[in-house]
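Just below is one structure, and these are the notes that go with it.
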Amino acid sequence: MIEVKNLKKIYNGNPVLKDVNATIEKGEVISIIGPSGTGKSTFLRCLNRLEQPDGGEIWIDGKNILDGKTDITAIRRKMGMVFQSFNLFGHLTVLENITLAPMALLKKSRTDAEKKGMELLQMVGLANKAHALTSELSGGQQQRIAIARALAMEPEIILFDEPTSALDPTMVNEVLSVMRNLAKTGITMLIVTHEMRFARDVSSRIFYMDEGIVYESGPAKELFENPAKTKTRAFLRRIGMFNSRLNKSDFDLYHFMGQFTEFAEKQTLDAKQIKTLHLILEELIANIIFPEIALAELEIGISEETKQTEIRISWQGKNGNPLESQSGAGELARMIVKKRTSSSEYSTLENGFNQLFIKV
Ligand code: ADP
């Protein structure tokens with residue numbers, strides 16, 4: 001139903017969407033997740049041309065909507081959109097908000113539009129509010145009406161752009177429930193959301209967006225339980241990442257520890273945990289890595305929830321596990337590190353790099 005090829009969008013020289021590719025089948029419910037600022041919302045807005053892409057193709061029902069000849073109004077009619085802010089007319093009643101567009105654009109009679117409108121209000125649980133002014137309703141109710149309004153245009157696809165993120169937390173669930181029910185009707189849905197539990201329960205597939213692309217995608221259960229890529233895993237497990245290049249010739253231990261401490265404090269480690277990591281890192285870098293390896297990449301991940309710390313060091317060249325090295329000099333350092341870590345694993349990666357992976 002939707003096919004996106006090499007989609008690009010640049011804002012003021014900043015490529016927000018670099019190369020987005022996706023295929024979406026009729027009836028799929030896709031949740032788009034990822035760190036903020038990675039172009040999730042831009043992607044949705046490109047799909048219904050609220051935003052003009054800078055390159056690529058978007059095929060909807062066999063028509064390239066970026067082709068100048070395509071009738072964009074007809075395409076847009078197939079796609080409803082629900083925004084973070086509901087944008088209802090406050091001076092009109094609920095039913096008037098819902099019937100306005102079907103009468104004006106689909107040329108429906110008032111009777112038909114109102115009949116359909118009442119059905120939809122029933123569906124979102126607000127039939128009893130049909131004649132209230134929308135300005136009198138709560139945020140959760142207004143968002144449910146915005147969903148009914150989008151459905152009144154009888155779209156084939158409905159796009160949701162963070163529909164619950166402007167709501168008071170007590171109202172999030174009523175909107176998610178309406179969306180859950182909608183997902184069962186077989187309409188195609190694309191949802192940008194930060195509600196991970198919801199995304200996992202309701203979606204046929206998840207798109208994880210990062211670095212301007214669909215960085216990883218897959219069936220919801222699979223992606224949440226077993227993400228293939230480090231960044232996806234870090235995002236889902238809320239792992240803060242700290243990266244540093246270890247270059248023996250100009251390594252500044254105090255500067256490094258200063259930066260690491262700032263990061264560890266941000267992850268709310270306590271003073272004792274930070275002290276242990278200082279000791280491990282100092283021994284590891286100065287007395288285990290540098291005697292054998294002059295240049296390495298260090299990546300430290302700390303889980304916000306469990307505080308578990310994972311240290312990954314990778315390098316090219318010298319093979320073998322430096323933690324098991326037989327050279328006498330680093331023996332004390334190796335003991336100190338092993339005593340304070342729960343596991344370590346040495347491997348050679350596909351790209352020829354060596355990697356030491358330590359859990360603390
Ligand atoms: P997300 O939905 O993943 O949080 P957005 O698509 O909203 O990300 O934004 C991605 C990036 O594009 C952000 O850096 C944002 O500041 C920028 N951006 C979004 N819309 C515009 C715009 N209309 N003009 C300029 N920059 C924009």
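Following the order of the structure tokens, chains are lettered A, B, ..., residues in each are numbered from 1, and ligands are numbered from 1.
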
message: Taking 3 positions as the minimum chain separation for residues in the same chain, which residues sit within 12 Å of segment 65-68 of chain A when counting only C-alpha atoms? Answer as a list in words.
response: Ile2, Glu3, Val4, Lys5, Leu7, Lys8, Cys46, Leu47, Asn48, Arg49, Leu50, Glu51, Gln52, Pro53, Asp54, Gly55, Gly56, Glu57, Ile58, Trp59, Ile60, Asp61, Gly62, Asp71, Ile72, Thr73, Ala74, Ile75 and Arg76 of chain A

Using the selection just defined, write its residues with N, CA and C atoms as a JSON list (two decimals), in the first residue's frame.
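Saved as selection34.json:
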[["chain", "number", "residue", "atom", "x", "y", "z"],
["A", 2, "ILE", "N", 1.92, 1.25, 0.81],
["A", 2, "ILE", "CA", 2.83, 2.40, 0.84],
["A", 2, "ILE", "C", 4.25, 1.87, 0.59],
["A", 3, "GLU", "N", 4.92, 2.52, -0.34],
["A", 3, "GLU", "CA", 6.32, 2.15, -0.54],
["A", 3, "GLU", "C", 7.17, 3.42, -0.59],
["A", 4, "VAL", "N", 8.15, 3.47, 0.27],
["A", 4, "VAL", "CA", 9.01, 4.65, 0.36],
["A", 4, "VAL", "C", 10.41, 4.24, -0.07],
["A", 5, "LYS", "N", 10.96, 5.02, -1.00],
["A", 5, "LYS", "CA", 12.30, 4.68, -1.50],
["A", 5, "LYS", "C", 13.22, 5.89, -1.40],
["A", 7, "LEU", "N", 13.95, 8.19, 0.61],
["A", 7, "LEU", "CA", 13.35, 9.48, 0.96],
["A", 7, "LEU", "C", 14.36, 10.37, 1.70],
["A", 8, "LYS", "N", 14.43, 11.63, 1.23],
["A", 8, "LYS", "CA", 15.35, 12.60, 1.84],
["A", 8, "LYS", "C", 14.61, 13.87, 2.21],
["A", 46, "CYS", "N", 5.98, 13.92, 5.54],
["A", 46, "CYS", "CA", 6.33, 13.75, 4.12],
["A", 46, "CYS", "C", 5.32, 12.83, 3.45],
["A", 47, "LEU", "N", 4.82, 11.84, 4.20],
["A", 47, "LEU", "CA", 3.91, 10.86, 3.61],
["A", 47, "LEU", "C", 2.63, 11.50, 3.09],
["A", 48, "ASN", "N", 2.14, 12.53, 3.79],
["A", 48, "ASN", "CA", 0.93, 13.16, 3.25],
["A", 48, "ASN", "C", 1.24, 14.55, 2.68],
["A", 49, "ARG", "N", 2.54, 14.73, 2.42],
["A", 49, "ARG", "CA", 3.01, 15.95, 1.73],
["A", 49, "ARG", "C", 2.69, 17.23, 2.50],
["A", 50, "LEU", "N", 2.57, 17.16, 3.81],
["A", 50, "LEU", "CA", 2.55, 18.39, 4.58],
["A", 50, "LEU", "C", 3.94, 18.99, 4.51],
["A", 51, "GLU", "N", 4.90, 18.14, 4.20],
["A", 51, "GLU", "CA", 6.29, 18.54, 4.07],
["A", 51, "GLU", "C", 6.72, 18.10, 2.68],
["A", 52, "GLN", "N", 7.48, 18.94, 1.99],
["A", 52, "GLN", "CA", 7.93, 18.59, 0.65],
["A", 52, "GLN", "C", 9.30, 17.90, 0.75],
["A", 53, "PRO", "N", 9.38, 16.61, 0.41],
["A", 53, "PRO", "CA", 10.68, 15.92, 0.51],
["A", 53, "PRO", "C", 11.69, 16.49, -0.50],
["A", 54, "ASP", "N", 12.97, 16.29, -0.20],
["A", 54, "ASP", "CA", 14.02, 16.77, -1.10],
["A", 54, "ASP", "C", 14.53, 15.69, -2.04],
["A", 55, "GLY", "N", 14.01, 14.49, -1.89],
["A", 55, "GLY", "CA", 14.43, 13.43, -2.80],
["A", 55, "GLY", "C", 13.74, 12.14, -2.46],
["A", 56, "GLY", "N", 13.77, 11.21, -3.42],
["A", 56, "GLY", "CA", 13.19, 9.90, -3.18],
["A", 56, "GLY", "C", 11.80, 9.75, -3.77],
["A", 57, "GLU", "N", 11.18, 8.64, -3.44],
["A", 57, "GLU", "CA", 9.86, 8.34, -3.99],
["A", 57, "GLU", "C", 8.93, 7.86, -2.88],
["A", 58, "ILE", "N", 7.66, 8.26, -2.98],
["A", 58, "ILE", "CA", 6.65, 7.72, -2.07],
["A", 58, "ILE", "C", 5.51, 7.19, -2.93],
["A", 59, "TRP", "N", 5.34, 5.88, -2.93],
["A", 59, "TRP", "CA", 4.27, 5.26, -3.72],
["A", 59, "TRP", "C", 3.12, 4.90, -2.80],
["A", 60, "ILE", "N", 1.94, 5.41, -3.14],
["A", 60, "ILE", "CA", 0.76, 5.04, -2.36],
["A", 60, "ILE", "C", -0.28, 4.48, -3.33],
["A", 61, "ASP", "N", -0.69, 3.26, -3.07],
["A", 61, "ASP", "CA", -1.62, 2.58, -3.98],
["A", 61, "ASP", "C", -1.15, 2.69, -5.43],
["A", 62, "GLY", "N", 0.13, 2.48, -5.64],
["A", 62, "GLY", "CA", 0.66, 2.46, -7.01],
["A", 62, "GLY", "C", 0.89, 3.81, -7.65],
["A", 71, "ASP", "N", -2.53, 13.76, -8.30],
["A", 71, "ASP", "CA", -3.52, 14.62, -7.64],
["A", 71, "ASP", "C", -3.38, 14.45, -6.12],
["A", 72, "ILE", "N", -2.71, 15.42, -5.53],
["A", 72, "ILE", "CA", -2.36, 15.30, -4.12],
["A", 72, "ILE", "C", -3.58, 15.37, -3.20],
["A", 73, "THR", "N", -4.59, 16.10, -3.63],
["A", 73, "THR", "CA", -5.82, 16.19, -2.80],
["A", 73, "THR", "C", -6.47, 14.82, -2.67],
["A", 74, "ALA", "N", -6.52, 14.10, -3.78],
["A", 74, "ALA", "CA", -7.11, 12.76, -3.76],
["A", 74, "ALA", "C", -6.31, 11.84, -2.85],
["A", 75, "ILE", "N", -4.98, 11.94, -2.94],
["A", 75, "ILE", "CA", -4.11, 11.10, -2.10],
["A", 75, "ILE", "C", -4.32, 11.45, -0.62],
["A", 76, "ARG", "N", -4.37, 12.75, -0.35],
["A", 76, "ARG", "CA", -4.51, 13.18, 1.04],
["A", 76, "ARG", "C", -5.82, 12.69, 1.65]]

Per residue of chain A within 12 Å of ligand 1, note the shortest atom pair and the distance in Å to one decimal, counting only C-alpha atoms and all ligand atoms, and order the rows by chain and increasing residue number, as a Markdown table.
| residue | atom | partner | partner_atom_place_in_ligand_line | distance |
| --- | --- | --- | --- | --- |
| A:Lys8 | CA | ligand 1 | 12 (O) | 11.8 |
| A:Lys9 | CA | ligand 1 | 12 (O) | 8.8 |
| A:Ile10 | CA | ligand 1 | 12 (O) | 8.1 |
| A:Tyr11 | CA | ligand 1 | 25 (C) | 4.9 |
| A:Asn12 | CA | ligand 1 | 25 (C) | 6.6 |
| A:Gly13 | CA | ligand 1 | 25 (C) | 9.6 |
| A:Asn14 | CA | ligand 1 | 12 (O) | 7.8 |
| A:Pro15 | CA | ligand 1 | 12 (O) | 8.1 |
| A:Val16 | CA | ligand 1 | 12 (O) | 5.4 |
| A:Leu17 | CA | ligand 1 | 10 (C) | 8.1 |
| A:Lys18 | CA | ligand 1 | 10 (C) | 11.3 |
| A:Ile32 | CA | ligand 1 | 3 (O) | 8.9 |
| A:Ile33 | CA | ligand 1 | 3 (O) | 7.9 |
| A:Gly34 | CA | ligand 1 | 3 (O) | 6.6 |
| A:Pro35 | CA | ligand 1 | 3 (O) | 6.3 |
| A:Ser36 | CA | ligand 1 | 4 (O) | 3.6 |
| A:Gly37 | CA | ligand 1 | 8 (O) | 3.5 |
| A:Thr38 | CA | ligand 1 | 3 (O) | 3.8 |
| A:Gly39 | CA | ligand 1 | 6 (O) | 3.2 |
| A:Lys40 | CA | ligand 1 | 3 (O) | 3.8 |
| A:Ser41 | CA | ligand 1 | 2 (O) | 3.6 |
| A:Thr42 | CA | ligand 1 | 6 (O) | 3.7 |
| A:Phe43 | CA | ligand 1 | 6 (O) | 6.5 |
| A:Leu44 | CA | ligand 1 | 6 (O) | 8.2 |
| A:Arg45 | CA | ligand 1 | 6 (O) | 8.3 |
| A:Cys46 | CA | ligand 1 | 6 (O) | 9.8 |
| A:Leu50 | CA | ligand 1 | 23 (N) | 10.0 |
| A:Glu51 | CA | ligand 1 | 23 (N) | 8.0 |
| A:Gln52 | CA | ligand 1 | 23 (N) | 10.3 |
| A:Pro53 | CA | ligand 1 | 23 (N) | 11.6 |
| A:Phe83 | CA | ligand 1 | 2 (O) | 11.5 |
| A:Gln84 | CA | ligand 1 | 2 (O) | 11.0 |
| A:Phe160 | CA | ligand 1 | 2 (O) | 11.2 |
| A:Asp161 | CA | ligand 1 | 2 (O) | 7.9 |
| A:Glu162 | CA | ligand 1 | 2 (O) | 8.2 |
| A:Pro163 | CA | ligand 1 | 2 (O) | 11.9 |
| A:Ser165 | CA | ligand 1 | 4 (O) | 11.5 |
| A:Ile191 | CA | ligand 1 | 2 (O) | 10.9 |
| A:Val192 | CA | ligand 1 | 2 (O) | 7.4 |
| A:Thr193 | CA | ligand 1 | 2 (O) | 9.0 |
| A:His194 | CA | ligand 1 | 4 (O) | 10.0 |
| A:Phe207 | CA | ligand 1 | 3 (O) | 11.7 |
| A:Tyr208 | CA | ligand 1 | 3 (O) | 10.1 |
| A:Met209 | CA | ligand 1 | 3 (O) | 7.5 |
| A:Asp210 | CA | ligand 1 | 3 (O) | 8.1 |
| A:Glu211 | CA | ligand 1 | 3 (O) | 10.0 |
| A:Gly212 | CA | ligand 1 | 10 (C) | 8.6 |
| A:Ile213 | CA | ligand 1 | 3 (O) | 10.7 |
| A:Val214 | CA | ligand 1 | 3 (O) | 11.2 |

Would you mind exporting N, CA and C atoms of the selected residues as a compact mmCIF listing (two decimals), in the first residue's frame?
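Contents of again-v3.txt, freshly written:
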# COMPACT_ATOMS: atom_id res chain seq x y z
N LYS A 8 14.43 11.63 1.23
CA LYS A 8 15.35 12.60 1.84
C LYS A 8 14.61 13.87 2.21
N LYS A 9 14.99 14.44 3.34
CA LYS A 9 14.46 15.77 3.70
C LYS A 9 15.57 16.54 4.41
N ILE A 10 15.81 17.73 3.91
CA ILE A 10 16.89 18.56 4.47
C ILE A 10 16.28 19.85 4.99
N TYR A 11 16.58 20.20 6.24
CA TYR A 11 16.16 21.51 6.77
C TYR A 11 17.41 22.37 6.95
N ASN A 12 17.44 23.50 6.32
CA ASN A 12 18.57 24.44 6.45
C ASN A 12 19.93 23.73 6.40
N GLY A 13 20.09 22.90 5.38
CA GLY A 13 21.37 22.22 5.22
C GLY A 13 21.56 21.01 6.12
N ASN A 14 20.58 20.75 7.00
CA ASN A 14 20.71 19.64 7.93
C ASN A 14 19.86 18.46 7.43
N PRO A 15 20.53 17.39 6.98
CA PRO A 15 19.75 16.26 6.44
C PRO A 15 19.07 15.48 7.56
N VAL A 16 17.76 15.69 7.71
CA VAL A 16 17.02 15.03 8.79
C VAL A 16 16.63 13.62 8.37
N LEU A 17 16.12 13.49 7.15
CA LEU A 17 15.90 12.16 6.60
C LEU A 17 16.97 11.94 5.53
N LYS A 18 17.78 10.92 5.72
CA LYS A 18 18.91 10.73 4.79
C LYS A 18 18.57 9.74 3.70
N ILE A 32 6.34 3.90 15.02
CA ILE A 32 7.65 4.45 14.71
C ILE A 32 8.23 5.00 16.00
N ILE A 33 9.33 4.43 16.42
CA ILE A 33 9.93 4.84 17.69
C ILE A 33 11.36 5.31 17.44
N GLY A 34 11.97 5.90 18.46
CA GLY A 34 13.35 6.34 18.33
C GLY A 34 13.58 7.60 19.13
N PRO A 35 14.84 7.97 19.31
CA PRO A 35 15.16 9.18 20.07
C PRO A 35 14.50 10.40 19.43
N SER A 36 14.27 11.46 20.20
CA SER A 36 13.62 12.62 19.59
C SER A 36 14.61 13.35 18.69
N GLY A 37 14.06 13.96 17.67
CA GLY A 37 14.89 14.69 16.71
C GLY A 37 15.44 13.81 15.60
N THR A 38 14.98 12.57 15.50
CA THR A 38 15.51 11.69 14.46
C THR A 38 14.64 11.65 13.21
N GLY A 39 13.65 12.54 13.15
CA GLY A 39 12.89 12.67 11.91
C GLY A 39 11.62 11.84 11.82
N LYS A 40 11.15 11.31 12.93
CA LYS A 40 9.94 10.46 12.89
C LYS A 40 8.74 11.26 12.41
N SER A 41 8.58 12.43 13.01
CA SER A 41 7.46 13.27 12.65
C SER A 41 7.61 13.81 11.22
N THR A 42 8.82 14.16 10.86
CA THR A 42 9.08 14.63 9.49
C THR A 42 8.69 13.55 8.48
N PHE A 43 9.03 12.32 8.80
CA PHE A 43 8.68 11.20 7.93
C PHE A 43 7.17 11.12 7.71
N LEU A 44 6.40 11.20 8.78
CA LEU A 44 4.94 11.16 8.65
C LEU A 44 4.43 12.31 7.79
N ARG A 45 5.00 13.51 8.06
CA ARG A 45 4.52 14.69 7.33
C ARG A 45 4.89 14.65 5.86
N CYS A 46 5.98 13.92 5.54
CA CYS A 46 6.33 13.75 4.12
C CYS A 46 5.32 12.83 3.45
N LEU A 50 2.57 17.16 3.81
CA LEU A 50 2.55 18.39 4.58
C LEU A 50 3.94 18.99 4.51
N GLU A 51 4.90 18.14 4.20
CA GLU A 51 6.29 18.54 4.07
C GLU A 51 6.72 18.10 2.68
N GLN A 52 7.48 18.94 1.99
CA GLN A 52 7.93 18.59 0.65
C GLN A 52 9.30 17.90 0.75
N PRO A 53 9.38 16.61 0.41
CA PRO A 53 10.68 15.92 0.51
C PRO A 53 11.69 16.49 -0.50
N PHE A 83 -2.80 14.78 15.20
CA PHE A 83 -1.60 15.47 15.68
C PHE A 83 -1.53 15.45 17.21
N GLN A 84 -0.37 15.90 17.69
CA GLN A 84 -0.20 16.07 19.13
C GLN A 84 -1.23 17.05 19.69
N PHE A 160 -0.65 8.93 12.98
CA PHE A 160 -0.73 9.53 14.32
C PHE A 160 0.64 10.10 14.68
N ASP A 161 0.68 11.39 14.97
CA ASP A 161 1.97 12.00 15.33
C ASP A 161 2.00 12.30 16.83
N GLU A 162 2.56 11.40 17.59
CA GLU A 162 2.63 11.52 19.06
C GLU A 162 1.30 11.95 19.66
N PRO A 163 0.25 11.15 19.44
CA PRO A 163 -1.10 11.59 19.82
C PRO A 163 -1.32 11.74 21.32
N SER A 165 1.30 12.69 23.56
CA SER A 165 2.39 13.32 24.30
C SER A 165 2.04 14.71 24.85
N ILE A 191 2.05 5.12 13.52
CA ILE A 191 1.97 5.84 14.78
C ILE A 191 3.36 6.22 15.27
N VAL A 192 3.61 7.51 15.38
CA VAL A 192 4.85 7.94 16.05
C VAL A 192 4.52 8.02 17.53
N THR A 193 5.23 7.27 18.34
CA THR A 193 4.86 7.24 19.76
C THR A 193 6.06 6.99 20.67
N HIS A 194 5.91 7.46 21.91
CA HIS A 194 6.89 7.15 22.95
C HIS A 194 6.33 6.14 23.93
N PHE A 207 9.14 0.36 13.48
CA PHE A 207 10.29 0.99 12.81
C PHE A 207 11.06 1.74 13.88
N TYR A 208 12.32 1.41 14.06
CA TYR A 208 13.17 2.19 14.95
C TYR A 208 13.95 3.17 14.07
N MET A 209 13.70 4.45 14.26
CA MET A 209 14.39 5.46 13.43
C MET A 209 15.54 6.09 14.18
N ASP A 210 16.65 6.22 13.49
CA ASP A 210 17.83 6.85 14.06
C ASP A 210 18.75 7.21 12.89
N GLU A 211 19.54 8.24 13.06
CA GLU A 211 20.51 8.64 12.03
C GLU A 211 19.88 8.89 10.67
N GLY A 212 18.61 9.34 10.66
CA GLY A 212 17.98 9.71 9.40
C GLY A 212 17.52 8.55 8.54
N ILE A 213 17.49 7.35 9.11
CA ILE A 213 17.01 6.19 8.34
C ILE A 213 16.12 5.32 9.24
N VAL A 214 15.43 4.36 8.62
CA VAL A 214 14.78 3.33 9.43
C VAL A 214 15.92 2.38 9.81

- request: Would you mind writing down, as a PyMOL selection string, each residue of segment 97-339 of chain A that DSSP on the backbone assigns to strand (DSSP E)?
  value: chain A and resi 157-161+188-192+205-210+213-219+239-247+295-303+309-315

message: Can you tell me which residues surround segment 170-176 of chain A at a distance of at most 10 Å, considering only C-alpha atoms, apart from same-chain residues fewer than 6 positions away, and format the answer as a list in words?
response: Val124, Gly125, Ser138, Gly139, Gly140, Gln141, Gln142, Gln143, Arg144, Ile145, Ile147, Pro163, Thr164, Leu182, Glu195, Phe198, Ala199 and Val202 of chain A

message: One decimal, in Å: what's the spacing between atom CA of Ile313 of chain A and atom CA of Leu298 of chain A?
response: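 Pair atom CA of Ile313 of chain A / atom CA of Leu298 of chain A returns 4.6 Å.
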